[in-house]
>>> print(open('run_25.cif').read())   # mmCIF, C-alpha atoms
data_entry
loop_
_atom_site.label_atom_id
_atom_site.label_comp_id
_atom_site.auth_asym_id
_atom_site.auth_seq_id
_atom_site.Cartn_x
_atom_site.Cartn_y
_atom_site.Cartn_z
CA MET N 1033 74.83 17.89 2.39
CA ASN N 1034 77.25 14.99 2.56
CA MET N 1035 75.20 12.03 3.77
CA ALA N 1036 78.34 10.01 4.21
CA ASN N 1037 79.10 11.96 7.37
CA PHE N 1038 75.91 10.69 9.05
CA PRO N 1039 75.53 7.29 10.66
CA VAL N 1040 72.68 5.02 9.43
CA TYR N 1041 70.15 3.72 11.99
CA THR N 1042 67.48 1.10 11.68
CA VAL N 1043 63.80 1.82 12.34
CA SER N 1044 63.94 -0.22 15.52
CA GLN N 1045 66.91 1.81 16.74
CA VAL N 1046 65.07 5.08 16.12
CA ASN N 1047 61.97 3.84 17.87
CA GLY N 1048 64.03 2.52 20.74
CA TYR N 1049 65.83 5.85 21.11
CA LEU N 1050 62.52 7.77 21.18
CA LYS N 1051 61.17 5.33 23.73
CA SER N 1052 64.20 5.85 25.96
CA LEU N 1053 63.79 9.62 25.69
CA MET N 1054 60.12 9.49 26.66
CA ASP N 1055 60.68 6.98 29.42
CA GLY N 1056 63.34 9.24 30.89
CA ASP N 1057 61.19 12.37 30.79
CA ALA N 1058 59.78 13.10 34.23
CA LEU N 1059 56.69 14.88 32.82
CA LEU N 1060 55.77 12.02 30.54
CA SER N 1061 56.34 9.36 33.19
CA GLY N 1062 53.19 10.30 35.11
CA LEU N 1063 50.55 12.80 34.02
CA LEU N 1064 46.80 13.40 34.00
CA VAL N 1065 45.10 13.85 30.62
CA GLN N 1066 41.53 15.07 30.20
CA GLY N 1067 39.53 14.25 27.05
CA GLU N 1068 36.57 12.54 25.45
CA VAL N 1069 36.60 8.78 24.87
CA SER N 1070 36.46 7.74 21.23
CA ASN N 1071 36.94 4.46 19.29
CA TYR N 1072 36.61 2.51 22.53
CA LYS N 1073 37.15 -1.25 22.27
CA CYS N 1074 37.52 -3.96 24.90
CA TYR N 1075 39.17 -7.12 23.57
CA PRO N 1076 38.65 -10.66 24.90
CA SER N 1077 42.12 -10.41 26.41
CA GLY N 1078 40.75 -7.83 28.82
CA HIS N 1079 42.86 -4.98 27.45
CA HIS N 1080 41.07 -1.67 26.70
CA TYR N 1081 42.02 0.41 23.66
CA PHE N 1082 40.61 3.89 23.01
CA SER N 1083 41.48 7.46 22.11
CA LEU N 1084 41.15 10.69 24.06
CA LYS N 1085 40.01 13.64 21.97
CA ASP N 1086 39.45 17.31 22.36
CA VAL N 1087 38.66 20.01 19.84
CA GLN N 1088 42.15 20.08 18.33
CA GLY N 1089 43.76 16.68 18.78
CA THR N 1090 43.68 12.96 19.51
CA LEU N 1091 45.81 10.80 21.80
CA ARG N 1092 45.91 7.00 21.55
CA CYS N 1093 45.50 5.15 24.84
CA VAL N 1094 45.72 1.63 26.21
CA MET N 1095 44.73 0.20 29.59
CA PHE N 1096 45.89 -3.32 30.26
CA ARG N 1097 43.73 -5.90 31.98
CA GLY N 1098 45.55 -5.63 35.32
CA GLU N 1099 44.54 -1.98 35.68
CA ALA N 1100 41.18 -2.29 33.86
CA VAL N 1101 39.76 -4.73 36.42
CA ARG N 1102 39.84 -1.91 38.99
CA LEU N 1103 37.56 0.38 36.92
CA ARG N 1104 34.37 1.43 38.71
CA PHE N 1105 32.54 2.22 35.45
CA ARG N 1106 32.42 1.01 31.87
CA PRO N 1107 33.98 3.54 29.49
CA ALA N 1108 31.92 4.46 26.43
CA ASN N 1109 32.35 6.62 23.38
CA GLY N 1110 31.52 10.26 24.05
CA MET N 1111 32.27 10.01 27.77
CA ARG N 1112 34.52 12.70 29.24
CA VAL N 1113 37.25 11.21 31.43
CA VAL N 1114 40.52 12.02 33.17
CA ALA N 1115 43.24 9.42 32.54
CA PHE N 1116 46.46 8.95 34.55
CA GLY N 1117 49.48 7.18 33.10
CA ARG N 1118 52.74 7.50 31.22
CA ILE N 1119 53.43 8.27 27.60
CA SER N 1120 55.82 6.07 25.71
CA VAL N 1121 56.47 4.68 22.24
CA PHE N 1122 55.38 1.23 21.14
CA PRO N 1123 58.51 0.25 19.21
CA ARG N 1124 56.80 -2.10 16.78
CA ASP N 1125 54.44 0.59 15.41
CA GLY N 1126 56.54 3.63 16.12
CA GLN N 1127 53.54 5.39 17.63
CA TYR N 1128 53.39 6.97 21.02
CA GLN N 1129 50.41 6.38 23.31
CA LEU N 1130 49.23 6.87 26.84
CA TYR N 1131 49.57 3.77 29.00
CA CYS N 1132 46.70 4.34 31.49
CA THR N 1133 46.80 3.02 34.99
CA GLU N 1134 43.73 4.89 36.25
CA LEU N 1135 40.65 6.30 34.59
CA LEU N 1136 38.11 8.63 36.23
CA GLU N 1137 34.74 9.65 34.83
CA ASP N 1138 34.55 13.41 34.20
CA GLY N 1139 30.89 13.88 33.18
CA ARG N 1140 29.30 13.60 29.74
CA GLY N 1141 31.30 14.46 26.65
CA ALA N 1142 30.72 17.57 24.60
CA LEU N 1143 29.46 15.55 21.64
CA ASP N 1144 26.87 13.78 23.79
CA GLU N 1145 25.69 17.07 25.21
CA ALA N 1146 25.40 18.62 21.74
CA PHE N 1147 23.54 15.55 20.50
CA GLU N 1148 21.05 15.66 23.36
CA ARG N 1149 20.41 19.41 23.02
CA LEU N 1150 19.68 19.11 19.30
CA ARG N 1151 17.56 15.99 19.81
CA ARG N 1152 15.34 17.71 22.38
CA ARG N 1153 14.95 20.85 20.27
CA LEU N 1154 14.01 18.99 17.09
CA GLU N 1155 11.66 16.72 19.01
CA ASP N 1156 9.89 19.76 20.45
CA GLU N 1157 9.49 21.12 16.90
CA GLY N 1158 7.78 17.89 15.83
CA LEU N 1159 10.44 16.62 13.42
CA PHE N 1160 10.27 13.14 14.95
CA ASP N 1161 6.46 12.78 14.92
CA GLU N 1162 5.26 9.50 13.44
CA GLY N 1163 2.43 11.31 11.66
CA ASN N 1164 4.97 13.10 9.46
CA LYS N 1165 6.64 9.93 8.23
CA GLN N 1166 5.93 8.73 4.69
CA PRO N 1167 5.36 5.08 3.76
CA LEU N 1168 7.99 3.46 1.59
CA PRO N 1169 6.94 2.47 -1.96
CA LYS N 1170 6.29 -1.25 -2.19
CA TYR N 1171 7.94 -1.63 -5.59
CA PRO N 1172 10.41 1.28 -6.06
CA GLY N 1173 11.50 1.84 -9.63
CA LYS N 1174 14.54 4.03 -8.90
CA ILE N 1175 16.52 4.27 -5.65
CA ALA N 1176 19.14 6.90 -4.83
CA LEU N 1177 21.99 6.00 -2.48
CA VAL N 1178 23.38 9.12 -0.77
CA THR N 1179 26.65 7.80 0.60
CA SER N 1180 30.36 7.48 -0.04
CA PRO N 1181 31.02 5.80 -3.39
CA ALA N 1182 34.16 4.14 -2.07
CA GLY N 1183 32.95 2.60 1.19
CA ALA N 1184 31.97 -0.98 1.94
CA ALA N 1185 28.45 0.20 2.76
CA VAL N 1186 27.60 1.14 -0.84
CA ARG N 1187 28.95 -2.19 -2.14
CA ASP N 1188 26.83 -4.12 0.35
CA MET N 1189 23.70 -2.16 -0.57
CA LEU N 1190 24.24 -2.59 -4.32
CA ARG N 1191 24.81 -6.32 -3.92
CA ILE N 1192 21.66 -6.86 -1.86
CA LEU N 1193 19.44 -4.57 -3.96
CA ARG N 1194 20.46 -6.29 -7.20
CA ALA N 1195 19.94 -9.73 -5.70
CA ARG N 1196 16.54 -8.98 -4.15
CA TRP N 1197 14.97 -6.68 -6.74
CA PRO N 1198 17.02 -6.31 -9.95
CA MET N 1199 14.12 -4.48 -11.61
CA ALA N 1200 14.96 -1.32 -9.62
CA GLU N 1201 17.40 1.20 -11.08
CA ILE N 1202 20.09 2.30 -8.60
CA LEU N 1203 21.59 5.79 -8.61
CA VAL N 1204 24.69 6.36 -6.44
CA ALA N 1205 24.77 10.02 -5.36
CA PRO N 1206 28.36 10.39 -4.07
CA VAL N 1207 28.98 12.49 -0.95
CA ARG N 1208 31.51 12.68 1.84
CA VAL N 1209 30.19 11.01 4.98
CA GLN N 1210 32.60 12.42 7.54
CA GLY N 1211 34.47 15.63 8.04
CA GLN N 1212 33.44 19.27 8.18
CA GLU N 1213 32.01 19.37 4.64
CA ALA N 1214 30.07 16.10 4.88
CA ALA N 1215 26.84 17.40 6.42
CA GLY N 1216 26.43 20.14 3.82
CA GLU N 1217 27.04 17.69 0.96
CA ILE N 1218 24.52 15.19 2.30
CA ALA N 1219 21.82 17.83 2.82
CA GLY N 1220 22.45 19.46 -0.56
CA THR N 1221 22.26 16.14 -2.39
CA ILE N 1222 18.95 15.26 -0.73
CA HIS N 1223 17.55 18.67 -1.79
CA ARG N 1224 18.72 18.17 -5.39
CA LEU N 1225 17.22 14.69 -5.59
CA ASN N 1226 13.88 16.17 -4.56
CA ASN N 1227 13.95 18.35 -7.68
CA ARG N 1228 13.78 15.20 -9.80
CA THR N 1229 10.62 13.27 -10.63
CA ASP N 1230 12.14 9.83 -11.25
CA ILE N 1231 13.38 9.02 -7.73
CA ASP N 1232 11.09 6.80 -5.64
CA LEU N 1233 13.28 6.28 -2.55
CA ILE N 1234 16.42 7.70 -0.92
CA ILE N 1235 18.80 5.71 1.30
CA THR N 1236 21.42 7.76 3.12
CA GLY N 1237 24.06 6.48 5.52
CA ARG N 1238 27.45 4.93 5.92
CA GLY N 1239 29.24 2.07 7.63
CA GLY N 1240 30.28 1.95 11.25
CA GLY N 1241 32.74 4.22 13.01
CA SER N 1242 33.27 6.36 16.06
CA LYS N 1243 30.82 9.00 17.20
CA GLU N 1244 33.01 11.58 15.52
CA ASP N 1245 33.00 9.62 12.26
CA LEU N 1246 29.20 9.46 12.28
CA TRP N 1247 28.69 13.06 13.40
CA ALA N 1248 27.65 14.38 9.97
CA PHE N 1249 24.35 12.53 10.44
CA ASN N 1250 23.83 14.37 13.74
CA GLU N 1251 23.98 17.79 12.11
CA GLU N 1252 20.82 19.91 12.03
CA VAL N 1253 21.15 20.69 8.32
CA VAL N 1254 20.93 16.99 7.47
CA ALA N 1255 17.96 16.46 9.80
CA ARG N 1256 16.01 19.30 8.20
CA ALA N 1257 16.84 18.14 4.67
CA ILE N 1258 15.41 14.70 5.50
CA TYR N 1259 12.36 16.23 7.17
CA VAL N 1260 11.34 18.38 4.17
CA SER N 1261 12.05 15.65 1.60
CA ASN N 1262 9.03 14.72 -0.50
CA ILE N 1263 10.77 11.44 -1.31
CA PRO N 1264 10.75 8.82 1.46
CA VAL N 1265 14.16 8.58 3.18
CA VAL N 1266 15.71 5.54 4.87
CA SER N 1267 18.52 6.27 7.36
CA ALA N 1268 21.22 3.60 7.50
CA VAL N 1269 24.06 4.85 9.70
CA GLY N 1270 26.67 2.63 11.36
CA HIS N 1271 25.66 -0.49 13.28
CA GLU N 1272 22.72 -1.48 15.45
CA PRO N 1273 23.86 0.39 18.63
CA ASP N 1274 24.60 3.60 16.69
CA VAL N 1275 21.69 6.06 16.83
CA THR N 1276 21.85 9.43 15.08
CA ILE N 1277 19.55 12.43 14.68
CA ALA N 1278 19.01 11.31 11.06
CA ASP N 1279 17.54 8.05 12.39
CA TYR N 1280 14.92 9.95 14.38
CA VAL N 1281 13.85 12.16 11.45
CA ALA N 1282 13.94 9.59 8.62
CA ASP N 1283 10.82 7.84 7.43
CA LEU N 1284 12.46 4.54 8.35
CA ARG N 1285 15.56 3.69 10.38
CA ALA N 1286 17.66 0.70 9.35
CA SER N 1287 20.15 -0.86 11.72
CA THR N 1288 22.84 -1.11 9.01
CA PRO N 1289 23.21 -0.21 5.32
CA SER N 1290 22.66 -3.86 4.43
CA ASN N 1291 19.46 -3.89 6.47
CA ALA N 1292 18.33 -0.73 4.64
CA ALA N 1293 18.69 -2.52 1.29
CA GLU N 1294 16.61 -5.42 2.61
CA LEU N 1295 13.86 -3.10 3.87
CA ALA N 1296 13.81 -0.96 0.72
CA VAL N 1297 12.76 -3.61 -1.80
CA PRO N 1298 10.81 -6.87 -1.81
CA ASP N 1299 12.50 -10.19 -2.43
CA GLN N 1300 11.93 -11.30 -6.01
CA LYS N 1301 11.90 -14.95 -4.93
CA GLU N 1302 9.13 -14.35 -2.39
CA GLU N 1303 7.16 -12.29 -4.91
CA ARG N 1304 7.49 -15.05 -7.49
CA VAL N 1305 6.14 -17.60 -5.01
CA ARG N 1306 3.25 -15.29 -4.14
CA LEU N 1307 2.39 -14.75 -7.82
CA GLU N 1308 2.51 -18.50 -8.46
CA GLN N 1309 0.11 -19.06 -5.55
CA LEU N 1310 -2.25 -16.41 -6.90
CA ALA N 1311 -2.06 -17.99 -10.37
CA ARG N 1312 -2.98 -21.40 -8.97
CA ARG N 1313 -5.91 -19.92 -7.04
CA LEU N 1314 -7.09 -18.14 -10.19
CA VAL N 1315 -6.86 -21.35 -12.24
CA ARG N 1316 -8.85 -23.26 -9.60
CA ALA N 1317 -11.51 -20.53 -9.41
CA GLU N 1318 -11.86 -20.39 -13.19
CA GLY N 1319 -12.00 -24.19 -13.38
CA THR N 1320 -14.83 -24.26 -10.85
CA ARG N 1321 -16.72 -21.53 -12.70
CA LEU N 1322 -16.34 -23.33 -16.03
CA ALA N 1323 -17.51 -26.62 -14.51
CA VAL N 1324 -20.67 -24.94 -13.18
CA SER N 1325 -21.28 -23.31 -16.55
CA ARG N 1326 -20.86 -26.65 -18.34
CA ARG N 1327 -23.43 -28.29 -16.05
CA GLU N 1328 -25.89 -25.49 -16.65
CA LEU N 1329 -25.30 -25.71 -20.40
CA ALA N 1330 -25.87 -29.48 -20.34
CA GLN N 1331 -29.14 -28.99 -18.47
CA LEU N 1332 -30.30 -26.42 -21.01
CA ARG N 1333 -29.22 -28.63 -23.92
CA ASN N 1334 -31.34 -31.51 -22.58
CA SER N 1335 -34.37 -29.36 -21.80
CA ARG N 1336 -37.57 -29.90 -23.83
CA ALA N 1337 -37.74 -26.23 -24.72
CA LEU N 1338 -34.49 -26.37 -26.70
CA GLN N 1339 -35.19 -29.78 -28.23
CA SER N 1340 -38.49 -28.56 -29.72
CA VAL N 1341 -39.56 -24.94 -29.75
CA LYS N 1342 -43.21 -25.99 -30.26
CA VAL N 1343 -43.32 -28.15 -27.12
CA PRO N 1344 -43.98 -25.36 -24.57
CA ILE N 1345 -46.53 -23.78 -26.93
CA GLN N 1346 -48.33 -27.08 -27.35
CA ASP N 1347 -48.31 -27.67 -23.61
CA ARG N 1348 -49.90 -24.30 -22.97
CA ARG N 1349 -52.39 -24.81 -25.81
CA LEU N 1350 -53.53 -28.09 -24.28
CA ALA N 1351 -53.84 -26.42 -20.88
CA LEU N 1352 -55.90 -23.60 -22.46
CA ASP N 1353 -58.23 -26.05 -24.22
CA SER N 1354 -58.76 -27.91 -20.96
CA LEU N 1355 -59.56 -24.66 -19.20
CA ARG N 1356 -62.04 -23.68 -21.90
CA ARG N 1357 -63.87 -27.01 -21.64
CA ARG N 1358 -64.10 -26.70 -17.89
CA MET N 1359 -65.41 -23.13 -18.16
CA GLY N 1360 -67.98 -24.14 -20.80
CA LEU N 1361 -69.27 -26.99 -18.71
CA ALA N 1362 -69.42 -24.77 -15.66
CA LEU N 1363 -71.33 -22.03 -17.52
CA ARG N 1364 -73.81 -24.42 -19.09
CA GLY N 1365 -74.48 -26.05 -15.76
CA HIS N 1366 -74.94 -22.67 -14.10
CA SER N 1367 -77.25 -21.41 -16.92
CA GLU N 1368 -79.43 -24.53 -16.80
CA GLN N 1369 -79.68 -24.34 -13.07
CA SER N 1370 -80.59 -20.66 -13.25
CA ARG N 1371 -83.25 -21.35 -15.92
CA GLN N 1372 -84.76 -24.13 -13.86
CA THR N 1373 -84.77 -21.94 -10.79
CA LEU N 1374 -86.41 -19.13 -12.75
CA GLU N 1375 -89.07 -21.44 -14.22
CA ALA N 1376 -89.82 -22.89 -10.85
CA GLY N 1377 -90.16 -19.44 -9.38
CA ARG N 1378 -92.30 -18.22 -12.28
CA GLY N 1379 -94.79 -21.05 -11.73
CA ARG N 1380 -95.40 -19.89 -8.17
CA LEU N 1381 -96.11 -16.25 -9.20
CA PRO N 1382 -99.67 -14.88 -9.85
CA LEU N 1383 -100.77 -14.63 -13.48
CA ALA N 1384 -100.54 -10.82 -13.61
CA MET N 1385 -97.00 -10.82 -12.29
CA ARG N 1386 -96.04 -13.52 -14.80
CA GLY N 1387 -97.08 -11.27 -17.69
CA GLN N 1388 -95.22 -8.30 -16.23
CA LEU N 1389 -92.09 -10.44 -15.80
CA SER N 1390 -92.30 -11.63 -19.42
CA LYS N 1391 -92.59 -8.01 -20.57
CA GLN N 1392 -89.51 -7.04 -18.52
CA GLU N 1393 -87.56 -9.99 -19.91
CA GLY N 1394 -88.33 -8.77 -23.41
CA GLN N 1395 -87.09 -5.27 -22.59
CA LEU N 1396 -83.96 -6.75 -20.99
CA GLY N 1397 -83.23 -8.79 -24.12
CA LYS N 1398 -83.67 -5.69 -26.31
CA LEU N 1399 -81.29 -3.66 -24.12
CA ALA N 1400 -78.76 -6.49 -24.11
CA ALA N 1401 -78.87 -6.59 -27.92
CA GLU N 1402 -78.31 -2.83 -28.12
CA LEU N 1403 -75.47 -3.03 -25.60
CA ASP N 1404 -73.87 -5.85 -27.54
CA ALA N 1405 -74.07 -3.75 -30.72
CA LEU N 1406 -72.21 -0.91 -28.96
CA SER N 1407 -69.49 -3.21 -27.54
CA PRO N 1408 -65.93 -2.30 -28.69
CA LEU N 1409 -65.36 -5.95 -29.36
CA LYS N 1410 -68.09 -5.91 -32.00
CA VAL N 1411 -66.41 -2.87 -33.58
CA LEU N 1412 -63.07 -4.65 -33.62
CA GLY N 1413 -64.72 -7.68 -35.17
CA ARG N 1414 -65.87 -5.56 -38.11
CA GLY N 1415 -62.26 -4.61 -39.02
CA TYR N 1416 -61.78 -1.51 -36.93
CA SER N 1417 -59.08 -0.94 -34.29
CA ILE N 1418 -58.52 1.20 -31.19
CA ALA N 1419 -55.28 3.07 -30.51
CA ARG N 1420 -54.12 3.60 -26.91
CA ARG N 1421 -51.19 5.37 -25.30
CA GLY N 1422 -50.86 3.77 -21.92
CA GLU N 1423 -54.40 3.69 -20.51
CA ASP N 1424 -55.64 6.63 -22.62
CA VAL N 1425 -57.50 6.08 -25.90
CA VAL N 1426 -56.13 8.18 -28.80
CA PHE N 1427 -59.10 9.94 -30.48
CA THR N 1428 -57.31 12.61 -32.56
CA VAL N 1429 -54.05 13.11 -34.45
CA GLY N 1430 -53.04 15.82 -32.01
CA GLN N 1431 -52.90 13.33 -29.12
CA ALA N 1432 -49.84 11.57 -30.60
CA GLN N 1433 -46.41 12.71 -31.72
CA PRO N 1434 -43.82 11.02 -33.96
CA GLY N 1435 -41.80 8.59 -31.86
CA ASP N 1436 -44.66 7.82 -29.44
CA GLU N 1437 -45.30 4.14 -28.75
CA LEU N 1438 -48.95 3.07 -29.07
CA ASP N 1439 -50.89 -0.12 -28.40
CA VAL N 1440 -53.32 -0.83 -31.28
CA LEU N 1441 -56.17 -3.17 -30.28
CA VAL N 1442 -57.49 -5.44 -33.08
CA SER N 1443 -59.96 -8.29 -32.97
CA ASP N 1444 -57.50 -10.97 -31.87
CA GLY N 1445 -54.82 -9.11 -29.95
CA ILE N 1446 -52.69 -5.99 -29.51
CA LEU N 1447 -50.17 -4.49 -31.91
CA GLN N 1448 -47.28 -2.54 -30.37
CA CYS N 1449 -46.52 0.31 -32.79
CA GLU N 1450 -44.37 3.44 -33.03
CA VAL N 1451 -45.70 6.65 -34.62
CA LYS N 1452 -43.57 7.45 -37.70
CA GLY N 1453 -45.53 10.52 -38.74
CA LYS N 1454 -48.99 12.00 -38.71
CA GLU N 1455 -51.43 13.59 -41.17
CA VAL N 1456 -54.68 15.41 -40.39
CA ARG N 1457 -57.73 14.30 -42.42
CA ILE N 1458 -61.45 15.09 -42.19
CA TRP N 1459 -63.40 11.91 -42.95
CA GLN N 1460 -66.76 12.50 -44.67
#
>>> encode(input="run_25.cif", output="structure tokens")
Amino acid sequence: MNMANFPVYTVSQVNGYLKSLMDGDALLSGLLVQGEVSNYKCYPSGHHYFSLKDVQGTLRCVMFRGEAVRLRFRPANGMRVVAFGRISVFPRDGQYQLYCTELLEDGRGALDEAFERLRRRLEDEGLFDEGNKQPLPKYPGKIALVTSPAGAAVRDMLRILRARWPMAEILVAPVRVQGQEAAGEIAGTIHRLNNRTDIDLIITGRGGGSKEDLWAFNEEVVARAIYVSNIPVVSAVGHEPDVTIADYVADLRASTPSNAAELAVPDQKEERVRLEQLARRLVRAEGTRLAVSRRELAQLRNSRALQSVKVPIQDRRLALDSLRRRMGLALRGHSEQSRQTLEAGRGRLPLAMRGQLSKQEGQLGKLAAELDALSPLKVLGRGYSIARRGEDVVFTVGQAQPGDELDVLVSDGILQCEVKGKEVRIWQ
């Protein structure tokens, strides 16, 4: 092909020619187009920019402020509409678009209807129940980010996670987040992460976009993967107004990926302040305890008992001697009074009764002497002892076994003994 035979045109000339062709086409100068609103934006200038979509294609649209002020409703993404206008080329960009002059609401969009049907079905199955949601670990050691490795969302999450809690290890699990294969990749990655034992938390999501861009997180396969996950899952899809099925099923919904990173980990600065406060409280508590212990130690150090071990013994010995003197005086006084009473009474008795009383006193004295001779105390005083186990007196070797503890009574006290062995003997 000899290019020299063809004239050369500028880009502006080509765009202008296409514009003139479209502007001169009767069909394109006024037509009705039905579709679903997507990527809708209203700028401060008052101009409305959006796209109309169906299953197979997309058409860019613009409605200028002069026509937009006559709208009886506010367009929204997912809304099905019928637009009237002309199709022409915008020469600067070289792209054709529909210049809308009227816009009529045509019921809910197919995506909205599909979303609502799935939401109701999963809600009826209990996938959204709060009782099924797991608490997030307070100090996660390893966090998996199921998202696109090239998007701004993953960079924002990494930056915030490293700043707030650098102790956590971050694993980026790369997946596609839009397109036909995205939902399967997201669900499969969540399943594979659950086969590991080192993952404490999963964050899945992406940055903002149209309803179509976010649709992977509205797929049932993703919802069920999140629901059966043994690892807590945070959903972080789009911006605050964007709500997906994944948000309903996840253990926690974050308004944005950045917000998910903030909710996933504590702030190291706040934790450091809290630990410093706890340390100060511990130091104060220990200081108070030590001060009390020092006072108690000082009191014990100055006590008479520690200054002289004999002091409490001497005090009790003096008290015992005083008690003995008082008892002796009391007994002597009582005996003398009894003797005087007896003598006075004897003098008033007849002579025969006096003799009988003297005889009985002699018998009483003899019995008292015999009783005194049989007293165990007299036996102990002669060098013997009495063995007891509890309240029972041990009479024979068979009443005690090695290891038994016995109390052995001697003349001036009790010996606490343990039986080491035993031997049977017949004393002659």
>>> resolve_selection(input="run_25.cif", expression="the PyMOL selection byres ((chain N and resi 1235) around 10)", output="count of residues only")
28
>>> axis_aligned_box(input="run_25.cif", around="range 1183-1202 of chain N", padding_each_side="4 Å", output="JSON")
{"center_x": 23.5, "center_y": -3.6, "center_z": -4.4, "size_x": 26.8, "size_y": 20.3, "size_z": 22.4}
>>> resolve_selection(input="run_25.cif", expression="the PyMOL selection byres ((chain N and resi 1431-1444) around 12)", output="PyMOL selection string")
chain N and resi 1408-1430+1445-1456
>>> atom_distance(input="run_25.cif", atom1="CA of Gly1239 in chain N", atom2="CA of Pro1181 in chain N")
11.8 Å
>>> resolve_selection(input="run_25.cif", expression="the PyMOL selection byres ((chain N and resi 1169) around 9)", output="list of chain:residue names")
N:Pro1167, N:Leu1168, N:Lys1170, N:Tyr1171, N:Pro1172, N:Gly1173, N:Asp1232, N:Leu1233, N:Pro1264, N:Ala1296, N:Val1297
>>> atom_distance(input="run_25.cif", atom1="CA of Asp1057 in chain N", atom2="CA of Cys1132 in chain N")
16.6 Å
>>> closest_residue(input="run_25.cif", among="N:Asn1250, N:Ser1242, N:Asn1164, N:Ser1354", to="Ile1218 in chain N", atoms="all atoms listed in the file")
N:Asn1250
>>> closest_residue(input="run_25.cif", among="N:Ile1192, N:His1223, N:Trp1197, N:Ser1287", to="Glu1302 in chain N", atoms="only C-alpha atoms")
N:Trp1197
>>> closest_residue(input="run_25.cif", among="N:Asn1071, N:Val1121, N:Asp1086, N:Gln1212", to="Ser1052 in chain N", atoms="all atoms listed in the file")
N:Val1121
